[in-house]
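Below: final_9.cif (mmCIF, C-alpha atoms and all ligand atoms)
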data_run
#
loop_
_atom_site.label_atom_id
_atom_site.label_comp_id
_atom_site.auth_asym_id
_atom_site.auth_seq_id
_atom_site.Cartn_x
_atom_site.Cartn_y
_atom_site.Cartn_z
CA MET A 1 23.46 -6.44 25.67
CA LYS A 2 26.75 -7.21 27.40
CA TRP A 3 25.42 -10.20 29.32
CA GLN A 4 24.01 -11.63 26.11
CA SER A 5 27.35 -11.60 24.33
CA ALA A 6 29.00 -12.96 27.46
CA LEU A 7 26.40 -15.74 27.53
CA GLY A 8 27.02 -16.30 23.83
CA CYS A 9 30.76 -16.73 24.39
CA ALA A 10 30.10 -19.08 27.29
CA LEU A 11 27.69 -21.20 25.23
CA LEU A 12 30.02 -21.27 22.26
CA ALA A 13 32.80 -22.39 24.63
CA LEU A 14 30.48 -25.17 25.80
CA GLY A 15 29.88 -26.20 22.20
CA PHE A 16 26.35 -24.84 21.60
CA GLY A 17 25.87 -23.64 18.02
CA GLY A 18 24.85 -20.17 16.91
CA SER A 19 21.42 -21.47 15.88
CA TRP A 20 20.47 -22.05 19.52
CA LEU A 21 21.19 -18.43 20.30
CA GLY A 22 19.37 -17.30 17.16
CA ALA A 23 16.27 -19.27 18.16
CA GLN A 24 16.37 -17.82 21.68
CA SER A 25 16.39 -14.25 20.41
CA GLN A 26 13.28 -15.05 18.33
CA LYS A 27 10.50 -14.26 20.78
CA VAL A 28 7.39 -16.44 20.38
CA VAL A 29 3.97 -14.76 20.44
CA VAL A 30 0.60 -16.48 20.09
CA ILE A 31 -2.57 -14.68 18.96
CA HIS A 32 -6.02 -16.14 19.72
CA ALA A 33 -9.01 -14.81 17.78
CA ALA A 34 -12.63 -15.84 17.29
CA GLN A 35 -12.38 -15.26 13.52
CA LEU A 36 -9.59 -15.06 11.00
CA PHE A 37 -9.46 -13.90 7.39
CA ASP A 38 -6.31 -15.23 5.74
CA GLY A 39 -6.28 -12.66 2.94
CA LYS A 40 -7.09 -15.16 0.20
CA SER A 41 -10.21 -17.20 1.05
CA ASP A 42 -13.89 -16.59 0.41
CA ARG A 43 -14.79 -16.86 4.08
CA LEU A 44 -13.60 -16.34 7.63
CA ALA A 45 -12.26 -19.25 9.69
CA SER A 46 -13.41 -19.46 13.30
CA ASN A 47 -11.57 -19.94 16.58
CA GLN A 48 -8.02 -19.61 15.24
CA VAL A 49 -4.53 -19.49 16.69
CA ILE A 50 -1.48 -17.85 15.09
CA VAL A 51 2.01 -18.69 16.34
CA ILE A 52 4.62 -16.05 15.58
CA GLN A 53 8.35 -16.46 15.99
CA GLY A 54 10.42 -13.30 15.65
CA GLU A 55 9.00 -11.38 12.71
CA ARG A 56 7.42 -14.32 10.87
CA ILE A 57 4.35 -16.52 11.16
CA LEU A 58 5.36 -19.99 12.30
CA GLU A 59 1.98 -21.66 12.27
CA VAL A 60 -1.73 -20.90 11.92
CA GLY A 61 -4.78 -23.11 12.44
CA PRO A 62 -7.81 -23.97 14.58
CA ALA A 63 -7.41 -23.74 18.36
CA GLY A 64 -6.66 -27.18 19.73
CA SER A 65 -4.81 -28.37 16.63
CA VAL A 66 -1.99 -25.83 16.94
CA LYS A 67 0.61 -26.53 19.61
CA ILE A 68 1.31 -23.51 21.83
CA PRO A 69 5.03 -23.35 22.56
CA ALA A 70 5.96 -23.21 26.26
CA GLY A 71 6.78 -19.69 27.43
CA ALA A 72 5.05 -17.99 24.52
CA GLN A 73 3.48 -14.58 25.11
CA GLU A 74 -0.26 -14.95 24.47
CA ILE A 75 -2.47 -12.21 23.05
CA ASP A 76 -6.21 -12.83 23.19
CA LEU A 77 -8.37 -10.81 20.84
CA GLY A 78 -11.52 -12.43 22.24
CA THR A 79 -14.49 -12.23 19.86
CA GLY A 80 -12.48 -10.12 17.39
CA THR A 81 -11.43 -10.86 13.82
CA VAL A 82 -7.81 -10.93 12.67
CA LEU A 83 -6.72 -10.14 9.11
CA PRO A 84 -3.47 -9.54 7.26
CA GLY A 85 -2.24 -5.95 7.58
CA LEU A 86 -3.60 -3.78 4.76
CA ILE A 87 -1.55 -2.69 1.77
CA GLU A 88 -1.96 0.77 0.23
CA ALA A 89 -1.01 0.52 -3.44
CA HIS A 90 -0.85 4.24 -4.11
CA ASN A 91 0.10 6.87 -1.61
CA HIS A 92 2.34 9.87 -1.13
CA MET A 93 3.75 10.19 2.35
CA PHE A 94 5.36 13.53 1.53
CA LYS A 95 2.41 15.30 -0.04
CA SER A 96 0.15 16.97 2.41
CA TRP A 97 -2.39 19.39 1.08
CA GLU A 98 -3.83 19.75 4.53
CA HIS A 99 -0.65 21.54 5.50
CA GLY A 100 -0.94 23.92 2.60
CA GLY A 101 0.88 22.39 -0.30
CA GLY A 102 3.30 19.98 -1.88
CA ILE A 103 6.99 19.40 -1.93
CA ASP A 104 9.55 21.42 -3.87
CA GLY A 105 7.39 24.20 -5.18
CA GLU A 106 4.59 22.06 -6.52
CA VAL A 107 1.40 24.09 -6.66
CA PRO A 108 -1.87 22.39 -5.77
CA ALA A 109 -4.70 22.44 -8.29
CA VAL A 110 -6.51 24.81 -5.96
CA ALA A 111 -3.73 27.24 -5.16
CA VAL A 112 -3.38 28.48 -1.61
CA PRO A 113 -0.82 31.00 -0.38
CA GLY A 114 2.45 29.49 0.81
CA THR A 115 1.97 26.33 -1.19
CA ALA A 116 5.45 24.90 -1.02
CA PHE A 117 7.49 23.66 1.88
CA SER A 118 11.05 22.42 2.17
CA THR A 119 12.11 18.81 1.84
CA PRO A 120 13.15 18.60 5.52
CA TYR A 121 9.71 19.85 6.61
CA ALA A 122 8.00 17.48 4.15
CA THR A 123 10.03 14.63 5.63
CA ILE A 124 8.76 15.45 9.12
CA LEU A 125 5.20 15.35 7.75
CA ALA A 126 6.00 12.07 5.99
CA ALA A 127 7.13 10.51 9.27
CA MET A 128 3.85 11.61 10.81
CA ASN A 129 1.85 10.22 7.87
CA ALA A 130 3.70 6.89 8.01
CA ARG A 131 2.75 6.54 11.66
CA LEU A 132 -0.91 7.42 10.94
CA ASP A 133 -1.02 4.79 8.18
CA LEU A 134 0.47 2.06 10.37
CA MET A 135 -1.73 2.79 13.37
CA SER A 136 -4.86 2.61 11.18
CA GLY A 137 -3.96 -0.87 9.92
CA PHE A 138 -1.81 -0.28 6.83
CA THR A 139 1.33 -2.32 7.45
CA THR A 140 2.60 -1.91 3.88
CA ALA A 141 2.54 1.16 1.66
CA ARG A 142 3.76 1.89 -1.83
CA ASP A 143 4.83 5.49 -2.26
CA LEU A 144 4.45 6.66 -5.85
CA SER A 145 7.02 9.39 -5.93
CA SER A 146 7.31 12.08 -3.37
CA GLY A 147 10.12 14.03 -4.97
CA GLY A 148 13.85 13.47 -4.59
CA THR A 149 15.07 10.53 -2.56
CA ALA A 150 13.76 11.38 0.92
CA ASP A 151 11.35 8.45 0.50
CA VAL A 152 14.36 6.13 0.51
CA ASP A 153 15.46 7.59 3.84
CA LEU A 154 11.93 7.28 5.25
CA ARG A 155 11.74 3.61 4.16
CA ASN A 156 15.16 2.89 5.65
CA ALA A 157 14.42 4.67 8.94
CA ILE A 158 11.24 2.60 9.33
CA ASN A 159 13.10 -0.62 8.50
CA GLU A 160 15.78 0.26 11.06
CA GLY A 161 13.09 0.79 13.70
CA LEU A 162 13.88 4.49 14.19
CA ILE A 163 10.28 5.53 13.55
CA PRO A 164 6.97 3.60 13.28
CA GLY A 165 5.53 3.13 9.81
CA PRO A 166 4.46 0.61 7.20
CA ARG A 167 6.90 -1.46 5.15
CA MET A 168 7.50 0.76 2.16
CA ARG A 169 8.12 0.35 -1.55
CA VAL A 170 9.38 3.66 -2.91
CA ALA A 171 9.72 5.19 -6.39
CA THR A 172 12.05 8.16 -5.71
CA GLU A 173 11.41 10.71 -8.47
CA GLY A 174 8.93 9.34 -10.97
CA MET A 175 9.07 10.28 -14.66
CA ARG A 176 6.94 12.36 -16.95
CA GLY A 177 7.19 13.52 -20.53
CA SER A 178 5.32 16.80 -20.47
CA ILE A 179 6.13 20.21 -19.15
CA ALA A 180 2.82 20.14 -17.32
CA GLY A 181 2.39 17.86 -14.32
CA PRO A 182 4.02 17.61 -10.92
CA ARG A 183 7.28 19.57 -10.99
CA TYR A 184 9.18 17.07 -8.86
CA PHE A 185 8.91 14.39 -11.55
CA HIS A 186 11.93 13.88 -13.75
CA LEU A 187 11.34 15.18 -17.26
CA VAL A 188 12.16 12.50 -19.87
CA ASP A 189 12.63 13.62 -23.49
CA SER A 190 13.75 10.45 -25.27
CA PRO A 191 13.80 6.65 -24.93
CA TRP A 192 17.47 6.68 -23.92
CA GLU A 193 16.89 9.38 -21.31
CA GLY A 194 14.14 7.12 -19.95
CA ARG A 195 16.49 4.14 -19.72
CA LYS A 196 19.16 6.28 -18.05
CA GLN A 197 16.66 7.57 -15.50
CA VAL A 198 15.64 4.02 -14.58
CA ARG A 199 19.31 3.26 -13.87
CA VAL A 200 19.81 6.49 -11.90
CA GLN A 201 16.71 5.94 -9.78
CA LEU A 202 17.56 2.33 -8.98
CA LYS A 203 21.06 3.45 -7.99
CA ASN A 204 19.44 6.08 -5.73
CA GLY A 205 17.41 3.39 -3.95
CA ALA A 206 14.08 3.13 -5.80
CA ASP A 207 12.20 -0.17 -5.42
CA PHE A 208 10.14 0.34 -8.57
CA ILE A 209 9.62 2.90 -11.32
CA LYS A 210 6.77 5.38 -11.53
CA ILE A 211 5.62 6.94 -14.78
CA TYR A 212 3.20 9.86 -14.93
CA ALA A 213 1.62 8.85 -18.23
CA ALA A 214 -1.56 10.91 -18.20
CA GLY A 215 -1.03 14.64 -18.43
CA ILE A 216 -4.65 15.38 -17.83
CA ARG A 217 -7.46 13.91 -15.89
CA ALA A 218 -10.60 13.07 -17.83
CA ASN A 219 -12.19 16.07 -19.47
CA LYS A 220 -15.63 16.77 -20.85
CA GLU A 221 -14.83 15.02 -24.11
CA MET A 222 -13.32 12.23 -21.99
CA GLY A 223 -11.75 9.71 -24.36
CA TYR A 224 -8.57 11.59 -25.25
CA GLY A 225 -6.38 11.56 -22.12
CA ALA A 226 -3.17 12.64 -23.84
CA PRO A 227 -0.12 10.62 -22.80
CA THR A 228 2.81 12.73 -21.60
CA LEU A 229 5.28 10.30 -23.19
CA THR A 230 5.39 8.68 -26.61
CA LEU A 231 4.82 4.92 -26.78
CA GLU A 232 8.49 4.48 -27.66
CA GLU A 233 9.60 6.43 -24.56
CA GLU A 234 7.22 4.56 -22.27
CA GLN A 235 8.28 1.19 -23.72
CA ALA A 236 11.96 2.02 -23.21
CA ILE A 237 11.39 2.87 -19.52
CA VAL A 238 9.34 -0.28 -18.92
CA ASP A 239 11.82 -2.48 -20.79
CA GLU A 240 14.79 -1.12 -18.82
CA ALA A 241 12.95 -1.52 -15.50
CA HIS A 242 11.90 -5.09 -16.28
CA ARG A 243 15.42 -5.88 -17.47
CA GLN A 244 16.59 -4.79 -13.99
CA GLY A 245 13.88 -6.84 -12.29
CA VAL A 246 11.63 -4.08 -10.99
CA ARG A 247 7.99 -3.24 -11.64
CA VAL A 248 6.53 -0.13 -13.24
CA ALA A 249 3.47 1.77 -12.02
CA CYS A 250 1.93 4.15 -14.54
CA THR A 251 -0.55 6.84 -13.63
CA ALA A 252 -2.99 6.89 -16.57
CA HIS A 253 -6.26 8.62 -15.82
CA ALA A 254 -8.01 8.35 -19.17
CA GLY A 255 -8.26 7.38 -22.81
CA ILE A 256 -5.18 6.89 -24.97
CA ALA A 257 -2.78 7.10 -22.01
CA VAL A 258 -4.48 4.04 -20.48
CA ARG A 259 -4.26 1.88 -23.60
CA GLN A 260 -0.73 3.03 -24.42
CA SER A 261 0.46 2.25 -20.87
CA ILE A 262 -0.99 -1.26 -21.04
CA VAL A 263 0.62 -1.82 -24.45
CA ALA A 264 3.95 -0.47 -23.15
CA GLY A 265 3.89 -3.17 -20.45
CA CYS A 266 3.22 -1.14 -17.29
CA ASP A 267 2.53 -3.51 -14.38
CA SER A 268 -0.21 -1.28 -12.99
CA ILE A 269 -2.44 1.48 -14.29
CA GLU A 270 -2.75 4.00 -11.47
CA LEU A 271 -5.72 6.15 -10.44
CA ASN A 272 -7.76 5.30 -13.49
CA THR A 273 -10.82 7.51 -14.01
CA VAL A 274 -11.88 6.66 -17.54
CA ASN A 275 -11.39 3.34 -19.31
CA ASP A 276 -13.27 1.50 -22.05
CA ASP A 277 -14.15 -2.08 -22.98
CA GLU A 278 -10.99 -2.48 -25.03
CA SER A 279 -8.58 -1.20 -22.34
CA VAL A 280 -10.05 -3.36 -19.55
CA ARG A 281 -10.07 -6.40 -21.87
CA MET A 282 -6.36 -5.79 -22.59
CA ALA A 283 -5.57 -5.28 -18.88
CA ALA A 284 -7.37 -8.49 -17.89
CA GLU A 285 -5.62 -10.45 -20.65
CA LYS A 286 -2.13 -9.13 -19.82
CA GLY A 287 -2.62 -9.35 -16.04
CA THR A 288 -2.12 -5.59 -15.67
CA PHE A 289 -3.28 -4.34 -12.26
CA MET A 290 -5.47 -1.27 -11.93
CA THR A 291 -6.00 1.16 -9.05
CA PHE A 292 -8.76 3.76 -8.75
CA GLY A 293 -8.72 5.99 -5.67
CA LEU A 294 -12.53 6.17 -5.76
CA THR A 295 -13.03 8.23 -2.61
CA ILE A 296 -10.63 11.02 -3.48
CA THR A 297 -11.94 11.12 -7.05
CA LYS A 298 -15.49 11.52 -5.77
CA LEU A 299 -14.40 14.35 -3.49
CA GLN A 300 -12.43 16.10 -6.23
CA ALA A 301 -15.37 15.73 -8.61
CA GLN A 302 -17.25 18.35 -6.61
CA HIS A 303 -14.89 20.93 -8.06
CA GLN A 304 -15.11 19.76 -11.68
CA ASN A 305 -17.60 20.78 -14.31
CA PHE A 306 -17.99 17.25 -15.70
CA PRO A 307 -19.28 14.03 -14.07
CA MET A 308 -15.88 12.71 -12.92
CA ALA A 309 -17.32 10.64 -10.05
CA GLU A 310 -19.79 8.85 -12.34
CA MET A 311 -17.04 8.19 -14.90
CA SER A 312 -14.80 6.80 -12.17
CA LYS A 313 -17.59 4.55 -10.85
CA ALA A 314 -18.42 3.21 -14.33
CA SER A 315 -14.73 2.56 -15.05
CA PHE A 316 -14.24 0.69 -11.77
CA GLN A 317 -17.30 -1.46 -12.53
CA ARG A 318 -16.13 -2.11 -16.10
CA ALA A 319 -12.73 -3.29 -14.85
CA LEU A 320 -14.33 -5.41 -12.12
CA LYS A 321 -16.67 -7.10 -14.61
CA ALA A 322 -13.81 -7.75 -17.05
CA GLY A 323 -11.84 -9.54 -14.32
CA VAL A 324 -9.03 -6.98 -14.01
CA LYS A 325 -6.92 -7.35 -10.86
CA ILE A 326 -7.80 -4.30 -8.76
CA ALA A 327 -5.53 -3.20 -5.92
CA LEU A 328 -6.70 -1.05 -3.02
CA ALA A 329 -5.44 2.49 -3.53
CA VAL A 330 -6.37 5.69 -1.75
CA ASN A 331 -3.86 8.34 -2.87
CA ALA A 332 -4.28 9.79 0.60
CA THR A 333 -3.09 13.36 0.56
CA GLY A 334 -6.16 15.30 1.49
CA ALA A 335 -8.03 16.50 -1.57
CA HIS A 336 -6.28 19.43 -3.22
CA GLY A 337 -6.21 22.09 -0.55
CA LYS A 338 -9.86 21.53 0.32
CA GLN A 339 -9.08 19.54 3.45
CA GLU A 340 -11.72 16.97 2.58
CA GLY A 341 -9.63 13.83 2.81
CA PRO A 342 -9.28 10.98 2.91
CA TYR A 343 -6.15 11.85 4.77
CA HIS A 344 -3.44 9.49 6.03
CA GLY A 345 -4.95 7.37 8.79
CA GLU A 346 -8.39 7.44 7.12
CA GLU A 347 -7.59 5.20 4.14
CA GLY A 348 -9.95 2.44 5.31
CA VAL A 349 -12.89 4.41 3.88
CA GLU A 350 -11.91 3.30 0.37
CA LEU A 351 -13.02 -0.27 1.13
CA LYS A 352 -16.62 0.88 1.66
CA MET A 353 -16.51 2.75 -1.67
CA MET A 354 -15.32 -0.42 -3.42
CA VAL A 355 -18.19 -2.35 -1.83
CA ASP A 356 -20.71 0.39 -2.68
CA TYR A 357 -19.55 0.13 -6.31
CA GLY A 358 -19.98 -3.64 -6.51
CA MET A 359 -17.28 -5.64 -4.74
CA THR A 360 -18.12 -8.04 -1.94
CA PRO A 361 -16.52 -7.04 1.39
CA LEU A 362 -13.97 -9.88 1.20
CA GLN A 363 -13.20 -9.06 -2.42
CA ALA A 364 -12.44 -5.47 -1.37
CA ILE A 365 -10.28 -6.71 1.52
CA ARG A 366 -8.40 -9.10 -0.81
CA SER A 367 -7.61 -6.09 -3.03
CA GLY A 368 -5.85 -4.63 -0.01
CA THR A 369 -4.18 -7.88 1.09
CA SER A 370 -3.25 -10.79 -1.22
CA VAL A 371 -4.03 -8.97 -4.50
CA GLY A 372 -2.34 -5.84 -3.20
CA ALA A 373 0.76 -7.86 -2.29
CA GLU A 374 0.96 -9.37 -5.77
CA ASN A 375 0.60 -5.90 -7.29
CA ILE A 376 3.77 -4.67 -5.57
CA GLY A 377 5.76 -7.86 -6.14
CA TRP A 378 5.59 -8.90 -2.50
CA GLY A 379 3.21 -11.86 -2.74
CA ASP A 380 5.90 -13.99 -1.10
CA ARG A 381 6.03 -11.99 2.16
CA VAL A 382 2.89 -9.97 2.95
CA GLY A 383 -0.86 -9.90 2.27
CA ALA A 384 -1.78 -13.23 3.85
CA ILE A 385 -1.81 -14.91 7.23
CA GLU A 386 0.13 -18.05 6.44
CA LYS A 387 3.28 -19.86 7.53
CA GLY A 388 6.47 -18.03 6.54
CA LYS A 389 4.86 -14.64 5.85
CA TYR A 390 5.74 -11.57 7.91
CA ALA A 391 3.60 -11.37 11.03
CA ASP A 392 1.78 -8.26 9.80
CA ILE A 393 -1.59 -8.75 11.44
CA ILE A 394 -4.46 -6.45 12.30
CA GLY A 395 -7.60 -6.95 14.37
CA VAL A 396 -11.12 -5.54 14.37
CA SER A 397 -13.91 -6.18 16.86
CA GLY A 398 -16.71 -7.12 14.43
CA ASP A 399 -17.15 -9.17 11.26
CA PRO A 400 -15.60 -7.34 8.26
CA SER A 401 -17.12 -9.85 5.82
CA LYS A 402 -20.52 -8.40 6.80
CA ASP A 403 -19.50 -4.82 7.56
CA VAL A 404 -16.38 -3.67 5.75
CA THR A 405 -16.37 -0.38 7.69
CA GLU A 406 -14.89 -2.39 10.57
CA LEU A 407 -11.60 -1.63 8.77
CA GLU A 408 -12.14 2.05 9.53
CA ARG A 409 -11.91 1.07 13.21
CA VAL A 410 -8.80 -1.12 13.40
CA LYS A 411 -8.05 -1.97 17.03
CA PHE A 412 -4.98 -4.14 16.84
CA VAL A 413 -1.85 -3.65 14.74
CA MET A 414 1.17 -5.93 14.64
CA LYS A 415 3.99 -5.50 12.15
CA GLY A 416 6.81 -8.02 11.93
CA GLY A 417 5.72 -9.61 15.22
CA GLN A 418 5.81 -6.30 17.09
CA VAL A 419 2.58 -4.93 18.56
CA PHE A 420 2.05 -1.25 17.69
CA ARG A 421 -1.55 -0.99 18.83
CA ASN A 422 -3.89 -3.04 21.00
CA ASP A 423 -7.18 -1.44 21.97
CA PHE A 424 -8.72 -4.81 22.81
CA LYS A 425 -7.22 -4.84 26.27
CA SER A 426 -9.59 -2.21 27.59
CA ALA A 427 -12.47 -2.60 25.14
CA LYS A 428 -15.79 -3.33 26.86
CA ASP A 429 -17.10 -5.35 23.93
CA ILE A 430 -14.40 -7.99 24.32
CA PRO A 431 -15.02 -10.38 27.22
CA SER A 432 -11.71 -11.40 28.77
CA SER A 433 -11.89 -15.17 28.52
CA ARG A 434 -8.33 -15.81 29.64
ZN ZN B 501 -0.42 9.73 -6.88
#

As structure tokens, how would this structure be written, given the file I've shared?
Ligand SMILES: [Zn+2]
Amino acid sequence: MKWQSALGCALLALGFGGSWLGAQSQKVVVIHAAQLFDGKSDRLASNQVIVIQGERILEVGPAGSVKIPAGAQEIDLGTGTVLPGLIEAHNHMFKSWEHGGGIDGEVPAVAVPGTAFSTPYATILAAMNARLDLMSGFTTARDLSSGGTADVDLRNAINEGLIPGPRMRVATEGMRGSIAGPRYFHLVDSPWEGRKQVRVQLKNGADFIKIYAAGIRANKEMGYGAPTLTLEEEQAIVDEAHRQGVRVACTAHAGIAVRQSIVAGCDSIELNTVNDDESVRMAAEKGTFMTFGLTITKLQAQHQNFPMAEMSKASFQRALKAGVKIALAVNATGAHGKQEGPYHGEEGVELKMMVDYGMTPLQAIRSGTSVGAENIGWGDRVGAIEKGKYADIIGVSGDPSKDVTELERVKFVMKGGQVFRNDFKSAKDIPSSR
């Protein structure tokens, strides 16, 4: 570092501006790929070049039309396909059923001995989960409350480059209105308590507000889905959050909780299992996003005495048909002590479920790229390969528009211009053309 500052002083003495030095510290990297999905289109573009300067995309276009800056580091992904890094709309870095429980005394639905672990231990697991997510192609993750404020520290440590992980949007505590439900959520008992909690959580470092609106998952009678909060309480929380310029994600599994959360102005309805024509019509009209977590719901359904998987499938299809904006969400925690997954690092499986239930492969991928970015308020920086966006780019060896399971086998991961994974170098299926 010393020589750099010495050089800086010398250049300043010679009259060179700071911008020259700034530009020099911005390393230029060029990626060549046979196919590119920009995160927004209906098709792949072929034979593309991406020029990256520092952590941002400088230019993207067909090979031959894009000028390759002298001295740039070139990465050739051969016959591979590049895409924007994936965005997980709903995860919990700190919850890890596979390791026997949740944070702060929370007891899993299927209780196992020694269910709780300390916050420091949960934070170590969270660092491991963040790395698994990044290495499997998720360059952005929204964490919907992991208890306390350790998620703020995790986000900051990743941003500072201390540990590898996705860019994170964090909720800190989350709010609920019932005695039942995850213990680490803050209990709100009035509209004013809700407003106060929004202020407290934003002061503590939250990027958005999480409400646990549905006290129960769908039951045999389905429809009901009792909200944990009154409409007045939910509206107060949403109003205060929006007044402060942040979004609100509301877990609403079924029935009344879904409709009430849409009416209250929640920006997304999380992990929906049961909806109806009226709720999806309202969501489409208001632009409310929805997430489903289809894979984990299907796995959990094996332990229920009602057709939860079928209800979840029908609800996803109803929302899709109504034109609701659906964001890719996995809720990766490992399914309730059963060690079935999907676990962190396996989230790509959700895309196949979305395709099995009726999306086209590119529609499913858009839900985890451009649509996913819009859902978390980051449409201006991630979710697309275009000039000015963060260079969050992943690569697969096949054609994900034909086989979406390619995203379960991500081989290249770049976040902010930095390469975290490149399996193409040694892969036999990629002829080295350069
Ligand atoms: Zn969740």

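With all atoms listed in the file as the basis for measurement, A:Ser65 is the residue among A:Ser312, A:Ser65, A:Thr228, A:Asn305 that approaches Gln48 in chain A most closely.
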
Produce as a compact mmCIF listing (two decimals) with C-alpha atoms, in the coordinates of the input the set of residues near ligand ZN 501 (chain B), where near means within 8 Å with all atoms listed in the file considered.
# COMPACT_ATOMS: atom_id res chain seq x y z
CA HIS A 90 -0.85 4.24 -4.11
CA ASN A 91 0.10 6.87 -1.61
CA HIS A 92 2.34 9.87 -1.13
CA LEU A 144 4.45 6.66 -5.85
CA SER A 145 7.02 9.39 -5.93
CA THR A 251 -0.55 6.84 -13.63
CA GLU A 270 -2.75 4.00 -11.47
CA LEU A 271 -5.72 6.15 -10.44
CA ASN A 331 -3.86 8.34 -2.87

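CA of Gly85 in chain A to CA of Asn204 in chain A spans 28.1 Å [interatomic distance, one decimal].
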
Around (2.9, 0.4, -3.9) in the file's frame, which residues reach within 9 Å when counting only C-alpha atoms? Return as a list in words?
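Every residue inside that radius is included here: Ile87, Glu88, Ala89, His90, Asn91, Thr140, Ala141, Arg142, Asp143, Leu144, Met168, Arg169, Val170, Ala171, Phe208, Ala249, Ala329, Gly372, Ala373, Asn375 and Ile376 of chain A.
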
Pairwise distance for CA of Gly54 in chain A and CA of Ala127 in chain A, rounded to one decimal in Å:
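CA of Ala127 in chain A lies 24.9 Å from CA of Gly54 in chain A.
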
Distance query Thr172 in chain A at most 10 Å, only C-alpha atoms, self and fewer than 6 positions along chain excluded, as JSON, numbers by chain:
{"A": [143, 144, 145, 146, 147, 148, 149, 150, 151, 152, 184, 185, 186, 201, 202, 204, 205, 206, 207, 208, 209, 210]}

Using all atoms listed in the file: which of A:Gln235, A:Gln197, A:Thr230, A:Thr291 has the shortest distance to His253 in chain A:
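Checking each candidate against His253 in chain A, we get A:Thr291 as the closest.
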
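In terms of minimum interatomic distance to Arg243 in chain A, A:Val198 ranks closest within A:Val371, A:Val274, A:Ile269, A:Val198, counting only C-alpha atoms.
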
List as a PyMOL selection string the protein and nucleic acid residues near Asn422 in chain A, meaning an atom at most 10 Å away when only C-alpha atoms are counted, but skip any in the same chain fewer than 3 places from it.
chain A and resi 75+77+135+394-395+410-414+419+425-427

Interatomic distance (Å, one decimal) between CA of Cys250 in chain A and CA of Thr360 in chain A
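One can read the CA of Cys250 in chain A to CA of Thr360 in chain A distance as 26.6 Å.
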